[in-house]
$ cat coords-v5.txt   # compact mmCIF, C-alpha atoms (C1' of nucleotides)
# COMPACT_ATOMS: atom_id res chain seq x y z
CA MET T 25 13.21 14.67 -26.21
CA THR T 26 13.52 14.77 -22.43
CA THR T 27 10.60 12.46 -21.96
CA ARG T 28 11.30 10.49 -18.88
CA THR T 29 11.57 6.76 -19.17
CA THR T 30 12.33 5.92 -15.57
CA PRO T 31 10.34 6.95 -12.53
CA ARG T 32 11.42 10.06 -10.72
CA THR T 33 14.02 9.66 -8.04
CA CYS T 34 12.41 11.18 -5.04
CA SER T 35 12.55 11.19 -1.28
CA VAL T 36 8.79 10.88 -1.06
CA ALA T 37 8.96 7.56 -2.87
CA ARG T 38 11.83 6.38 -0.73
CA THR T 39 10.07 7.26 2.48
CA LEU T 40 6.99 5.43 1.33
CA GLU T 41 9.07 2.33 0.79
CA VAL T 42 9.76 2.36 4.50
CA VAL T 43 6.62 3.67 6.17
CA GLY T 44 4.16 3.81 3.31
CA GLU T 45 2.19 0.73 4.02
CA LYS T 46 -1.07 0.93 5.81
CA TRP T 47 -0.13 -0.65 9.11
CA SER T 48 3.39 0.73 9.35
CA LEU T 49 2.42 4.23 10.23
CA LEU T 50 -0.28 3.05 12.59
CA ALA T 51 2.26 0.93 14.43
CA ILE T 52 4.49 3.97 14.73
CA ARG T 53 1.58 6.02 15.94
CA GLU T 54 1.08 3.46 18.67
CA VAL T 55 4.65 3.72 19.81
CA PHE T 56 4.32 7.49 19.96
CA LEU T 57 1.21 6.99 22.06
CA GLY T 58 3.13 4.82 24.47
CA CYS T 59 2.14 1.35 23.29
CA ARG T 60 5.25 -0.67 22.81
CA ARG T 61 4.05 -4.23 22.86
CA PHE T 62 2.85 -6.46 20.14
CA GLU T 63 -0.49 -7.44 21.66
CA GLU T 64 -1.35 -3.88 22.41
CA MET T 65 -0.58 -2.81 18.89
CA VAL T 66 -2.67 -5.59 17.46
CA ARG T 67 -5.62 -4.46 19.55
CA ASN T 68 -5.21 -0.75 18.96
CA THR T 69 -4.59 -0.86 15.25
CA GLY T 70 -6.75 -3.77 14.19
CA ALA T 71 -3.95 -5.10 12.01
CA PRO T 72 -3.68 -8.81 11.32
CA ARG T 73 -1.04 -10.24 13.62
CA ASP T 74 0.85 -11.59 10.69
CA THR T 75 1.00 -8.36 8.83
CA LEU T 76 1.89 -6.37 11.91
CA ALA T 77 4.73 -8.73 12.70
CA ALA T 78 6.05 -8.29 9.18
CA ARG T 79 5.79 -4.50 9.34
CA LEU T 80 7.52 -4.30 12.68
CA ARG T 81 10.31 -6.42 11.29
CA THR T 82 10.86 -4.13 8.33
CA LEU T 83 10.63 -1.03 10.49
CA VAL T 84 13.33 -2.46 12.71
CA GLU T 85 15.39 -3.36 9.66
CA HIS T 86 15.11 0.18 8.37
CA GLY T 87 16.15 1.63 11.68
CA VAL T 88 12.86 3.27 12.55
CA LEU T 89 12.11 1.08 15.53
CA GLU T 90 14.34 -0.73 17.94
CA ARG T 91 13.52 -3.94 19.72
CA ARG T 92 14.44 -4.40 23.35
CA GLN T 93 13.92 -7.47 25.44
CA TYR T 94 12.08 -6.90 28.66
CA SER T 95 11.69 -10.52 29.65
CA GLU T 96 14.16 -13.26 29.08
CA HIS T 97 12.49 -16.48 29.84
CA PRO T 98 9.49 -16.16 27.79
CA PRO T 99 11.41 -13.99 25.38
CA ARG T 100 9.43 -10.78 25.20
CA ASP T 101 10.32 -7.61 23.40
CA GLU T 102 9.17 -4.05 23.32
CA TYR T 103 9.48 -1.64 20.44
CA PHE T 104 11.02 1.77 20.83
CA LEU T 105 11.58 4.60 18.43
CA THR T 106 15.08 5.26 17.21
CA ASP T 107 16.18 8.80 16.51
CA ALA T 108 15.09 8.36 12.93
CA GLY T 109 11.75 7.05 14.17
CA ARG T 110 11.27 9.97 16.47
CA GLU T 111 11.72 12.26 13.51
CA LEU T 112 8.60 10.78 12.03
CA TYR T 113 6.58 12.73 14.55
CA PRO T 114 5.94 15.62 12.16
CA LEU T 115 4.71 13.12 9.61
CA ILE T 116 2.28 11.56 12.08
CA LEU T 117 1.09 14.95 13.24
CA THR T 118 0.64 16.28 9.74
CA THR T 119 -1.27 13.18 8.75
CA MET T 120 -3.47 13.45 11.79
CA GLN T 121 -4.15 17.10 11.19
CA TRP T 122 -5.32 16.51 7.66
CA GLY T 123 -7.70 13.83 8.89
CA ASP T 124 -8.92 16.11 11.65
CA ARG T 125 -9.68 18.78 9.12
CA HIS T 126 -11.14 16.77 6.30
CA LEU T 127 -12.36 13.47 7.62
CA ALA T 128 -13.69 14.19 11.09
CA GLY T 129 -17.43 14.45 10.77
CA GLU T 130 -19.88 15.78 13.27
CA PRO T 131 -18.18 14.63 16.45
CA GLY T 132 -14.95 16.38 15.49
CA PRO T 133 -11.41 15.07 15.88
CA PRO T 134 -11.23 11.86 17.86
CA MET T 135 -8.06 12.83 19.65
CA THR T 136 -6.90 16.13 21.04
CA LEU T 137 -3.33 17.05 21.74
CA GLU T 138 -1.99 19.81 23.88
CA HIS T 139 1.34 21.53 23.48
CA HIS T 140 3.42 22.25 26.56
CA CYS T 141 2.73 25.92 26.01
CA GLY T 142 -0.80 25.19 27.13
CA ALA T 143 -2.58 25.57 23.82
CA ARG T 144 -4.47 22.92 21.95
CA LEU T 145 -1.90 21.70 19.46
CA ASP T 146 -2.39 23.03 15.97
CA PRO T 147 0.79 22.30 14.11
CA GLN T 148 1.93 24.44 11.25
CA LEU T 149 4.67 23.94 8.73
CA VAL T 150 6.95 26.92 8.40
CA CYS T 151 10.14 27.75 6.56
CA SER T 152 12.89 27.46 9.09
CA ALA T 153 14.74 30.33 7.45
CA CYS T 154 12.08 33.02 7.45
CA GLY T 155 9.53 31.49 9.79
CA GLU T 156 6.62 31.92 7.43
CA PRO T 157 4.07 29.22 6.71
CA VAL T 158 4.93 27.19 3.64
CA HIS T 159 2.52 27.19 0.72
CA ALA T 160 2.98 25.26 -2.47
CA ARG T 161 2.76 28.42 -4.55
CA GLU T 162 5.72 29.93 -2.80
CA VAL T 163 8.04 27.03 -3.35
CA ARG T 164 10.19 26.46 -6.42
CA ARG T 165 12.26 23.56 -7.57
CA VAL T 166 15.88 24.38 -8.06
CA ASP T 167 17.42 21.03 -8.80
CA PRO T 168 19.26 20.66 -12.05
CA ALA T 169 20.22 17.08 -11.36
CA ASP T 170 16.98 15.33 -12.11
CA LEU T 171 17.72 15.12 -15.78
CA ALA T 172 21.18 13.74 -15.33
CA ALA T 173 20.17 10.96 -13.00
CA PRO T 174 23.02 8.45 -13.26
CA PRO T 175 21.84 4.85 -13.23
CA ALA T 176 24.61 3.85 -10.88
CA THR T 177 22.74 2.50 -7.88
CA GLY T 178 19.17 2.49 -6.71
CA MET W 12 -12.02 -4.57 31.70
CA THR W 13 -10.52 -1.57 29.96
CA THR W 14 -8.77 -3.68 27.40
CA ARG W 15 -9.58 -2.31 24.04
CA THR W 16 -11.46 -4.60 21.73
CA THR W 17 -11.85 -2.32 18.74
CA PRO W 18 -9.11 -0.43 16.93
CA ARG W 19 -8.47 3.12 17.95
CA THR W 20 -10.52 5.76 16.20
CA CYS W 21 -7.92 8.06 14.82
CA SER W 22 -7.39 10.67 12.17
CA VAL W 23 -4.13 9.08 11.13
CA ALA W 24 -5.96 5.90 10.22
CA ARG W 25 -8.65 7.82 8.39
CA THR W 26 -6.17 9.81 6.38
CA LEU W 27 -4.35 6.64 5.42
CA GLU W 28 -7.59 5.24 4.07
CA VAL W 29 -7.55 8.07 1.56
CA VAL W 30 -3.91 8.70 0.71
CA GLY W 31 -2.14 5.86 2.46
CA GLU W 32 -1.48 3.70 -0.50
CA LYS W 33 1.84 3.75 -2.21
CA TRP W 34 0.84 5.29 -5.52
CA SER W 35 -1.70 7.72 -4.16
CA LEU W 36 0.77 10.02 -2.55
CA LEU W 37 3.12 9.81 -5.51
CA ALA W 38 0.30 10.82 -7.81
CA ILE W 39 -0.40 13.78 -5.58
CA ARG W 40 3.28 14.64 -5.56
CA GLU W 41 3.16 14.74 -9.34
CA VAL W 42 0.27 17.13 -9.36
CA PHE W 43 2.13 19.40 -6.96
CA LEU W 44 5.07 19.23 -9.34
CA GLY W 45 2.87 20.30 -12.19
CA CYS W 46 2.12 17.01 -13.89
CA ARG W 47 -1.59 16.74 -14.38
CA ARG W 48 -1.96 14.11 -17.02
CA PHE W 49 -2.27 10.41 -16.79
CA GLU W 50 0.57 9.46 -19.11
CA GLU W 51 2.94 11.78 -17.39
CA MET W 52 2.07 10.37 -14.01
CA VAL W 53 2.56 6.84 -15.25
CA ARG W 54 6.02 7.72 -16.47
CA ASN W 55 7.08 9.74 -13.47
CA THR W 56 5.83 7.43 -10.78
CA GLY W 57 6.38 4.04 -12.37
CA ALA W 58 2.97 2.91 -11.21
CA PRO W 59 1.09 0.25 -13.17
CA ARG W 60 -1.46 2.05 -15.32
CA ASP W 61 -4.20 -0.01 -13.83
CA THR W 62 -3.38 0.81 -10.29
CA LEU W 63 -2.82 4.46 -10.99
CA ALA W 64 -6.18 4.73 -12.70
CA ALA W 65 -7.80 3.17 -9.65
CA ARG W 66 -5.98 5.48 -7.24
CA LEU W 67 -6.87 8.59 -9.19
CA ARG W 68 -10.47 7.51 -9.15
CA THR W 69 -10.55 7.14 -5.39
CA LEU W 70 -8.68 10.40 -4.88
CA VAL W 71 -11.30 12.15 -6.96
CA GLU W 72 -14.05 10.40 -5.04
CA HIS W 73 -12.56 11.57 -1.77
CA GLY W 74 -12.31 15.12 -2.96
CA VAL W 75 -8.55 15.34 -3.05
CA LEU W 76 -8.26 15.71 -6.80
CA GLU W 77 -10.58 17.15 -9.37
CA ARG W 78 -10.85 16.06 -12.96
CA ARG W 79 -11.22 18.61 -15.70
CA GLN W 80 -11.65 17.94 -19.37
CA TYR W 81 -9.19 19.72 -21.62
CA SER W 82 -10.15 18.02 -24.84
CA GLU W 83 -13.58 16.96 -25.85
CA HIS W 84 -13.26 14.82 -28.84
CA PRO W 85 -10.82 12.38 -27.73
CA PRO W 86 -12.07 12.88 -24.20
CA ARG W 87 -9.02 13.89 -22.22
CA ASP W 88 -8.84 14.98 -18.63
CA GLU W 89 -6.37 16.62 -16.35
CA TYR W 90 -6.17 16.28 -12.61
CA PHE W 91 -6.08 19.26 -10.31
CA LEU W 92 -5.82 19.59 -6.59
CA THR W 93 -8.88 20.63 -4.67
CA ASP W 94 -8.54 22.76 -1.55
CA ALA W 95 -8.36 19.61 0.51
CA GLY W 96 -5.71 18.28 -1.82
CA ARG W 97 -3.67 21.42 -1.59
CA GLU W 98 -3.65 21.00 2.16
CA LEU W 99 -1.72 17.79 1.68
CA TYR W 100 1.32 19.86 0.84
CA PRO W 101 2.66 19.73 4.38
CA LEU W 102 2.29 15.97 4.30
CA ILE W 103 4.26 15.69 1.07
CA LEU W 104 6.93 18.04 2.32
CA THR W 105 7.26 16.30 5.65
CA THR W 106 7.51 12.95 3.92
CA MET W 107 10.12 14.27 1.55
CA GLN W 108 12.12 15.81 4.34
CA TRP W 109 12.32 12.56 6.26
CA GLY W 110 13.56 10.78 3.16
CA ASP W 111 16.07 13.54 2.52
CA ARG W 112 17.42 13.13 6.00
CA HIS W 113 17.39 9.40 6.39
CA LEU W 114 17.36 7.77 3.02
CA ALA W 115 19.45 10.00 0.80
CA GLY W 116 22.84 8.40 0.57
CA GLU W 117 26.02 9.89 -0.75
CA PRO W 118 24.57 12.05 -3.50
CA GLY W 119 22.25 13.81 -1.10
CA PRO W 120 18.60 14.73 -1.63
CA PRO W 121 17.46 14.19 -5.20
CA MET W 122 15.33 17.31 -5.28
CA THR W 123 15.91 20.72 -3.84
CA LEU W 124 13.22 23.25 -3.11
CA GLU W 125 13.54 26.93 -2.55
CA HIS W 126 11.21 29.09 -0.53
CA HIS W 127 10.18 32.47 -1.87
CA CYS W 128 12.22 34.05 0.89
CA GLY W 129 15.26 32.88 -1.05
CA ALA W 130 16.44 30.16 1.28
CA ARG W 131 16.71 26.49 0.50
CA LEU W 132 13.46 25.13 1.91
CA ASP W 133 13.85 23.38 5.22
CA PRO W 134 10.36 22.99 6.60
CA GLN W 135 9.75 22.82 10.31
CA LEU W 136 6.65 21.95 12.25
CA VAL W 137 5.79 24.49 14.89
CA CYS W 138 2.96 25.06 17.33
CA SER W 139 0.82 27.73 15.80
CA ALA W 140 0.07 29.16 19.23
CA CYS W 141 3.56 29.68 20.58
CA GLY W 142 5.60 29.27 17.42
CA GLU W 143 7.98 26.75 18.92
CA PRO W 144 9.01 23.55 17.15
CA VAL W 145 6.88 20.60 18.13
CA HIS W 146 8.53 17.63 19.79
CA ALA W 147 6.77 14.47 20.86
CA ARG W 148 7.89 14.91 24.45
CA GLU W 149 6.19 18.25 24.73
CA VAL W 150 2.80 17.07 23.56
CA ARG W 151 0.13 15.55 25.78
CA ARG W 152 -3.11 13.86 24.98
CA VAL W 153 -6.11 15.53 26.51
CA ASP W 154 -9.00 13.56 25.12
CA PRO W 155 -11.25 12.21 27.79
CA ALA W 156 -12.61 9.04 26.26
CA ASP W 157 -9.51 7.17 25.39
CA LEU W 158 -7.56 7.29 28.63
CA ALA W 159 -8.30 3.66 29.20
CA ALA W 160 -5.44 2.06 27.34
CA PRO W 161 -1.98 3.45 28.00
CA PRO W 162 -0.25 3.05 31.34
CA ALA W 163 1.54 5.99 32.87
CA THR W 164 4.39 7.26 30.79
CA GLY W 165 7.89 6.87 32.05
C1' DG R 14 -4.25 7.63 -47.81
C1' DG R 15 -1.09 5.23 -44.81
C1' DC R 16 2.01 4.88 -41.01
C1' DA R 17 3.59 6.28 -36.59
C1' DG R 18 2.86 8.24 -32.29
C1' DT R 19 0.15 10.24 -28.17
C1' DC R 20 -3.20 9.81 -24.75
C1' DA R 21 -6.22 7.68 -21.21
C1' DG R 22 -7.55 4.15 -20.12
C1' DT R 23 -9.28 -1.17 -19.82
C1' DC R 24 -8.53 -6.28 -19.81
C1' DC R 25 -6.10 -10.32 -18.67
C1' DG R 26 -3.49 -14.00 -16.28
C1' DA R 27 0.22 -14.64 -13.05
C1' DA R 28 2.32 -13.45 -8.89
C1' DA R 29 2.52 -11.24 -4.59
C1' DA R 30 0.46 -9.57 -0.51
C1' DG R 31 -2.98 -9.37 2.90
C1' DT R 32 -6.42 -11.58 5.95
C1' DC R 33 -8.43 -14.84 9.25
C1' DG R 34 -8.47 -18.31 12.51
C1' DA R 35 -6.00 -21.72 14.71
C1' DC R 36 -1.82 -23.09 16.80
C1' DT R 37 2.77 -23.00 19.59
C1' DG R 38 5.43 -22.55 23.70
C1' DA R 39 6.76 -20.30 27.67
C1' DC R 40 5.04 -18.38 31.53
C1' DC R 41 1.59 -17.01 35.62
C1' DA R 42 -2.54 -17.22 38.76
C1' DG R 43 -5.87 -19.92 41.12
C1' DC J 8 -5.10 -28.76 35.97
C1' DT J 9 -7.54 -25.06 33.74
C1' DG J 10 -7.49 -20.72 31.84
C1' DG J 11 -5.26 -16.52 30.52
C1' DT J 12 -1.34 -13.42 28.57
C1' DC J 13 2.10 -12.71 25.27
C1' DA J 14 4.60 -12.76 20.73
C1' DG J 15 4.51 -14.60 17.35
C1' DT J 16 4.04 -18.55 13.25
C1' DC J 17 1.35 -21.56 10.03
C1' DG J 18 -1.82 -22.72 6.40
C1' DA J 19 -5.72 -21.73 3.62
C1' DC J 20 -8.08 -18.42 1.33
C1' DT J 21 -9.02 -13.91 -0.80
C1' DT J 22 -7.67 -9.59 -2.61
C1' DT J 23 -4.51 -6.61 -4.81
C1' DT J 24 -0.89 -5.58 -7.69
C1' DC J 25 1.81 -6.12 -11.66
C1' DG J 26 3.17 -6.09 -16.61
C1' DG J 27 2.01 -6.37 -21.06
C1' DA J 28 -1.23 -6.21 -24.65
C1' DC J 29 -5.15 -3.98 -26.41
C1' DT J 30 -8.79 -0.19 -27.63
C1' DG J 31 -10.32 3.99 -29.71
C1' DA J 32 -10.01 8.60 -30.82
C1' DC J 33 -7.25 11.62 -32.28
C1' DT J 34 -2.59 14.43 -34.42
C1' DG J 35 1.46 14.89 -37.53
C1' DC J 36 3.87 13.81 -41.49
C1' DC J 37 4.62 12.99 -46.25
$ encode --input "coords-v5.txt" --output "structure tokens"
Amino acid sequence: MTTRTTPRTCSVARTLEVVGEKWSLLAIREVFLGCRRFEEMVRNTGAPRDTLAARLRTLVEHGVLERRQYSEHPPRDEYFLTDAGRELYPLILTTMQWGDRHLAGEPGPPMTLEHHCGARLDPQLVCSACGEPVHAREVRRVDPADLAAPPATG
Amino acid sequence: MTTRTTPRTCSVARTLEVVGEKWSLLAIREVFLGCRRFEEMVRNTGAPRDTLAARLRTLVEHGVLERRQYSEHPPRDEYFLTDAGRELYPLILTTMQWGDRHLAGEPGPPMTLEHHCGARLDPQLVCSACGEPVHAREVRRVDPADLAAPPATG
DNA sequence: GGCAGTCAGTCCGAAAAGTCGACTGACCAG
DNA sequence: CTGGTCAGTCGACTTTTCGGACTGACTGCC
């Protein structure tokens, strides 16, 4: 009766359309790490130049990165994070943490971060209302809308 | 001399090897939402059956999902999250939040979650040591090996 | 018994995307 | 003049994805 025929409308899916491809997030990681130039990103990510160029273009299109010229005569650009891009930091951190926990073998995490409070950074996701860590069990869906999804626009 | 020749070793890259493909994370989202069966996931994600089958297989291989038989005679399986899989919840939530903020147009976020404290869930990433929200500016790298690449920050 | 439907896939050919190495074109250093 | 950096693009090749059809074991219905 209410069997869905169209895929779920969901912010996870939408976000993945923007940053969900392999090299996209690595490019963003690089910018967070201070690498803003194409060559540097190619070296540090291992991405094919072609693919990286394409990803950077779409990231700029989607307003995650911004391109600024730093040399005019050989036209050279650097990539900077926009506000929206900067808000991807939790995503990067969360991704890194999972890898640290589950995919770092013997030698342990390959990169260590330190918070300005002095501690080794160990990020935690909390509910901003009550401050408690968020667990899947303690979260409920409350949206009624999902059923009534109007096929107006994508 | 210190120019990197190999890609950076990084937990972000490693994590993306496991869950970095488009349909992987959507499949995991479905399991978090309570959909454990293949058909349901096909419908709710819109993934090609082929691709989804492949993704589920690799997720099981990597210990993110677990397959359990619920019917013997037509052999039917359901997918469950392992402990490692359950720890992807922050990643899902963070991804969803970014989409809610930056890609939800007029109608607003397509799905609303509620924390057991009663508030509409608005997750926030904090430093588990000091409890303060984490911002990129307030985080420093402290790993010894990798200093080579980036020039001084400005 | 016969027909329809569910479920979890697999198989196939076409199309799209990714990859690799070479190339461009403007500059700089020796 | 040679070689190197930088930010790409180009073309050829390979891999992946996509969509639809198909399988095989069941259930439900009359």
$ atom_distance --input "coords-v5.txt" --atom1 "atom CA of W:Leu63" --atom2 "atom CA of W:Ala38"
7.8 Å
$ residues_around --input "coords-v5.txt" --residues "W:Arg151" --least-positions-apart "3" --cutoff "7 Å" --atoms "all atoms listed in the file" --output "MDAnalysis selection string"
chainID T and resid 137:139
$ residues_around --input "coords-v5.txt" --residues "T:Gly109" --least-positions-apart "4" --cutoff "7 Å" --atoms "only C-alpha atoms (C1' of nucleotides)" --output "list in words"
Val88, Leu89 and Leu105 of chain T
$ interface_residues --input "coords-v5.txt" --of "chain J" --to "chain W" --cutoff "12 Å" --atoms "only C-alpha atoms (C1' of nucleotides)" --output "list in words"
DT23, DT24, DC25, DG26, DG27, DG31, DA32, DC33 and DT34 of chain J
$ atom_distance --input "coords-v5.txt" --atom1 "atom CA of T:Glu111" --atom2 "atom CA of W:Arg97"
23.4 Å
$ atom_distance --input "coords-v5.txt" --atom1 "atom CA of W:Leu70" --atom2 "atom CA of T:Val55"
28.8 Å
$ calpha_fit_and_write --input "coords-v5.txt" --fixed "chain W" --moving "chain T" --output "compact mmCIF listing (two decimals) with C-alpha atoms, in the coordinates of the input"
# COMPACT_ATOMS: atom_id res chain seq x y z
CA MET T 25 -6.62 -4.00 33.89
CA THR T 26 -6.54 -1.26 31.27
CA THR T 27 -4.90 -3.50 28.74
CA ARG T 28 -6.13 -2.40 25.40
CA THR T 29 -8.04 -4.85 23.30
CA THR T 30 -8.78 -2.66 20.32
CA PRO T 31 -6.29 -0.70 18.27
CA ARG T 32 -5.74 2.90 19.19
CA THR T 33 -8.01 5.44 17.62
CA CYS T 34 -5.65 7.83 16.00
CA SER T 35 -5.46 10.44 13.29
CA VAL T 36 -2.21 8.98 12.02
CA ALA T 37 -3.97 5.72 11.26
CA ARG T 38 -6.88 7.50 9.65
CA THR T 39 -4.65 9.57 7.43
CA LEU T 40 -2.79 6.48 6.36
CA GLU T 41 -6.06 4.93 5.28
CA VAL T 42 -6.35 7.72 2.76
CA VAL T 43 -2.83 8.50 1.61
CA GLY T 44 -0.81 5.73 3.19
CA GLU T 45 -0.34 3.52 0.22
CA LYS T 46 2.82 3.64 -1.75
CA TRP T 47 1.56 5.23 -4.94
CA SER T 48 -0.96 7.58 -3.38
CA LEU T 49 1.52 10.03 -2.03
CA LEU T 50 3.62 9.87 -5.16
CA ALA T 51 0.57 10.73 -7.24
CA ILE T 52 -0.07 13.69 -4.98
CA ARG T 53 3.54 14.72 -5.26
CA GLU T 54 3.09 14.76 -9.01
CA VAL T 55 0.11 17.03 -8.81
CA PHE T 56 2.07 19.40 -6.60
CA LEU T 57 4.81 19.34 -9.21
CA GLY T 58 2.35 20.32 -11.88
CA CYS T 59 1.61 16.95 -13.48
CA ARG T 60 -2.10 16.51 -13.65
CA ARG T 61 -2.59 13.84 -16.25
CA PHE T 62 -2.72 10.14 -15.98
CA GLU T 63 -0.04 9.30 -18.53
CA GLU T 64 2.36 11.74 -17.02
CA MET T 65 1.84 10.32 -13.58
CA VAL T 66 2.37 6.81 -14.81
CA ARG T 67 5.68 7.83 -16.34
CA ASN T 68 6.89 9.93 -13.44
CA THR T 69 5.98 7.58 -10.65
CA GLY T 70 6.54 4.21 -12.26
CA ALA T 71 3.27 2.94 -10.83
CA PRO T 72 1.34 0.23 -12.63
CA ARG T 73 -1.45 1.87 -14.57
CA ASP T 74 -3.99 -0.26 -12.83
CA THR T 75 -2.86 0.58 -9.38
CA LEU T 76 -2.52 4.26 -10.14
CA ALA T 77 -6.03 4.37 -11.53
CA ALA T 78 -7.31 2.76 -8.36
CA ARG T 79 -5.40 5.17 -6.12
CA LEU T 80 -6.58 8.20 -8.01
CA ARG T 81 -10.13 6.97 -7.67
CA THR T 82 -9.86 6.62 -3.91
CA LEU T 83 -8.11 9.96 -3.57
CA VAL T 84 -10.97 11.57 -5.44
CA GLU T 85 -13.46 9.70 -3.28
CA HIS T 86 -11.77 10.96 -0.15
CA GLY T 87 -11.78 14.51 -1.39
CA VAL T 88 -8.04 14.91 -1.79
CA LEU T 89 -8.08 15.26 -5.54
CA GLU T 90 -10.67 16.58 -7.91
CA ARG T 91 -11.20 15.45 -11.46
CA ARG T 92 -11.91 17.96 -14.18
CA GLN T 93 -12.62 17.24 -17.80
CA TYR T 94 -10.45 19.09 -20.23
CA SER T 95 -11.61 17.32 -23.36
CA GLU T 96 -15.07 16.13 -24.09
CA HIS T 97 -14.93 13.98 -27.10
CA PRO T 98 -12.28 11.67 -26.13
CA PRO T 99 -13.24 12.13 -22.52
CA ARG T 100 -10.08 13.30 -20.83
CA ASP T 101 -9.63 14.42 -17.27
CA GLU T 102 -7.05 16.19 -15.22
CA TYR T 103 -6.51 15.88 -11.51
CA PHE T 104 -6.36 18.88 -9.24
CA LEU T 105 -5.82 19.25 -5.55
CA THR T 106 -8.76 20.16 -3.38
CA ASP T 107 -8.25 22.34 -0.35
CA ALA T 108 -7.77 19.22 1.72
CA GLY T 109 -5.25 17.98 -0.83
CA ARG T 110 -3.35 21.21 -0.77
CA GLU T 111 -2.99 20.82 2.96
CA LEU T 112 -0.98 17.71 2.34
CA TYR T 113 1.90 19.90 1.25
CA PRO T 114 3.54 19.87 4.68
CA LEU T 115 3.32 16.10 4.65
CA ILE T 116 5.02 15.87 1.26
CA LEU T 117 7.67 18.36 2.28
CA THR T 118 8.36 16.66 5.58
CA THR T 119 8.63 13.31 3.86
CA MET T 120 10.97 14.72 1.27
CA GLN T 121 13.13 16.37 3.87
CA TRP T 122 13.62 13.16 5.79
CA GLY T 123 14.67 11.41 2.60
CA ASP T 124 17.00 14.26 1.74
CA ARG T 125 18.64 13.96 5.11
CA HIS T 126 18.82 10.23 5.53
CA LEU T 127 18.58 8.57 2.16
CA ALA T 128 20.38 10.88 -0.24
CA GLY T 129 23.81 9.43 -0.75
CA GLU T 130 26.79 11.04 -2.33
CA PRO T 131 25.04 13.11 -4.97
CA GLY T 132 22.84 14.78 -2.37
CA PRO T 133 19.13 15.54 -2.62
CA PRO T 134 17.72 14.91 -6.07
CA MET T 135 15.47 17.93 -5.99
CA THR T 136 15.99 21.39 -4.62
CA LEU T 137 13.26 23.79 -3.67
CA GLU T 138 13.46 27.49 -3.15
CA HIS T 139 11.20 29.55 -0.95
CA HIS T 140 9.92 32.88 -2.23
CA CYS T 141 12.10 34.57 0.34
CA GLY T 142 15.03 33.54 -1.80
CA ALA T 143 16.51 30.87 0.43
CA ARG T 144 16.88 27.22 -0.36
CA LEU T 145 13.84 25.72 1.31
CA ASP T 146 14.56 24.02 4.59
CA PRO T 147 11.24 23.49 6.26
CA GLN T 148 10.92 23.33 9.99
CA LEU T 149 8.04 22.34 12.18
CA VAL T 150 7.28 24.85 14.88
CA CYS T 151 4.63 25.33 17.53
CA SER T 152 2.26 27.89 16.17
CA ALA T 153 1.73 29.29 19.65
CA CYS T 154 5.29 29.99 20.72
CA GLY T 155 7.10 29.65 17.41
CA GLU T 156 9.69 27.24 18.70
CA PRO T 157 10.72 24.08 16.88
CA VAL T 158 8.80 21.04 18.04
CA HIS T 159 10.71 18.16 19.58
CA ALA T 160 9.18 14.95 20.80
CA ARG T 161 10.59 15.46 24.28
CA GLU T 162 8.76 18.71 24.68
CA VAL T 163 5.36 17.37 23.80
CA ARG T 164 2.93 15.74 26.21
CA ARG T 165 -0.29 13.90 25.70
CA VAL T 166 -3.21 15.44 27.47
CA ASP T 167 -6.12 13.40 26.25
CA PRO T 168 -8.21 11.65 28.84
CA ALA T 169 -10.58 10.21 26.29
CA ASP T 170 -8.51 7.38 24.93
CA LEU T 171 -9.58 5.04 27.66
CA ALA T 172 -13.24 5.77 27.29
CA ALA T 173 -13.36 5.21 23.57
CA PRO T 174 -17.03 4.51 22.86
CA PRO T 175 -17.56 1.81 20.25
CA ALA T 176 -20.28 3.81 18.57
CA THR T 177 -18.94 4.28 15.06
CA GLY T 178 -15.66 3.73 13.33
$ interface_residues --input "coords-v5.txt" --of "chain R" --to "chain W" --cutoff "10 Å" --atoms "all atoms listed in the file" --output "list in words"
DT19, DC20, DA21, DG22, DT23 and DC24 of chain R
$ residues_around --input "coords-v5.txt" --residues "W:Ser35" --least-positions-apart "5" --cutoff "12 Å" --atoms "all atoms listed in the file" --output "short mmCIF file (atom, residue, chain, number, x, y, z; two decimals) with C-alpha atoms, in the frame of the given file"
data_model
loop_
_atom_site.label_atom_id
_atom_site.label_comp_id
_atom_site.auth_asym_id
_atom_site.auth_seq_id
_atom_site.Cartn_x
_atom_site.Cartn_y
_atom_site.Cartn_z
CA VAL T 36 8.79 10.88 -1.06
CA ALA T 37 8.96 7.56 -2.87
CA LEU T 40 6.99 5.43 1.33
CA GLY T 44 4.16 3.81 3.31
CA GLU T 45 2.19 0.73 4.02
CA THR W 26 -6.17 9.81 6.38
CA LEU W 27 -4.35 6.64 5.42
CA GLU W 28 -7.59 5.24 4.07
CA VAL W 29 -7.55 8.07 1.56
CA VAL W 30 -3.91 8.70 0.71
CA ARG W 40 3.28 14.64 -5.56
CA GLU W 41 3.16 14.74 -9.34
CA VAL W 42 0.27 17.13 -9.36
CA MET W 52 2.07 10.37 -14.01
CA VAL W 53 2.56 6.84 -15.25
CA THR W 56 5.83 7.43 -10.78
CA ALA W 58 2.97 2.91 -11.21
CA THR W 62 -3.38 0.81 -10.29
CA LEU W 63 -2.82 4.46 -10.99
CA ALA W 64 -6.18 4.73 -12.70
CA ALA W 65 -7.80 3.17 -9.65
CA ARG W 66 -5.98 5.48 -7.24
CA LEU W 67 -6.87 8.59 -9.19
CA ARG W 68 -10.47 7.51 -9.15
CA THR W 69 -10.55 7.14 -5.39
CA LEU W 70 -8.68 10.40 -4.88
CA VAL W 71 -11.30 12.15 -6.96
CA HIS W 73 -12.56 11.57 -1.77
CA VAL W 75 -8.55 15.34 -3.05
CA LEU W 76 -8.26 15.71 -6.80
CA GLY W 96 -5.71 18.28 -1.82
CA LEU W 99 -1.72 17.79 1.68
CA ILE W 103 4.26 15.69 1.07
#
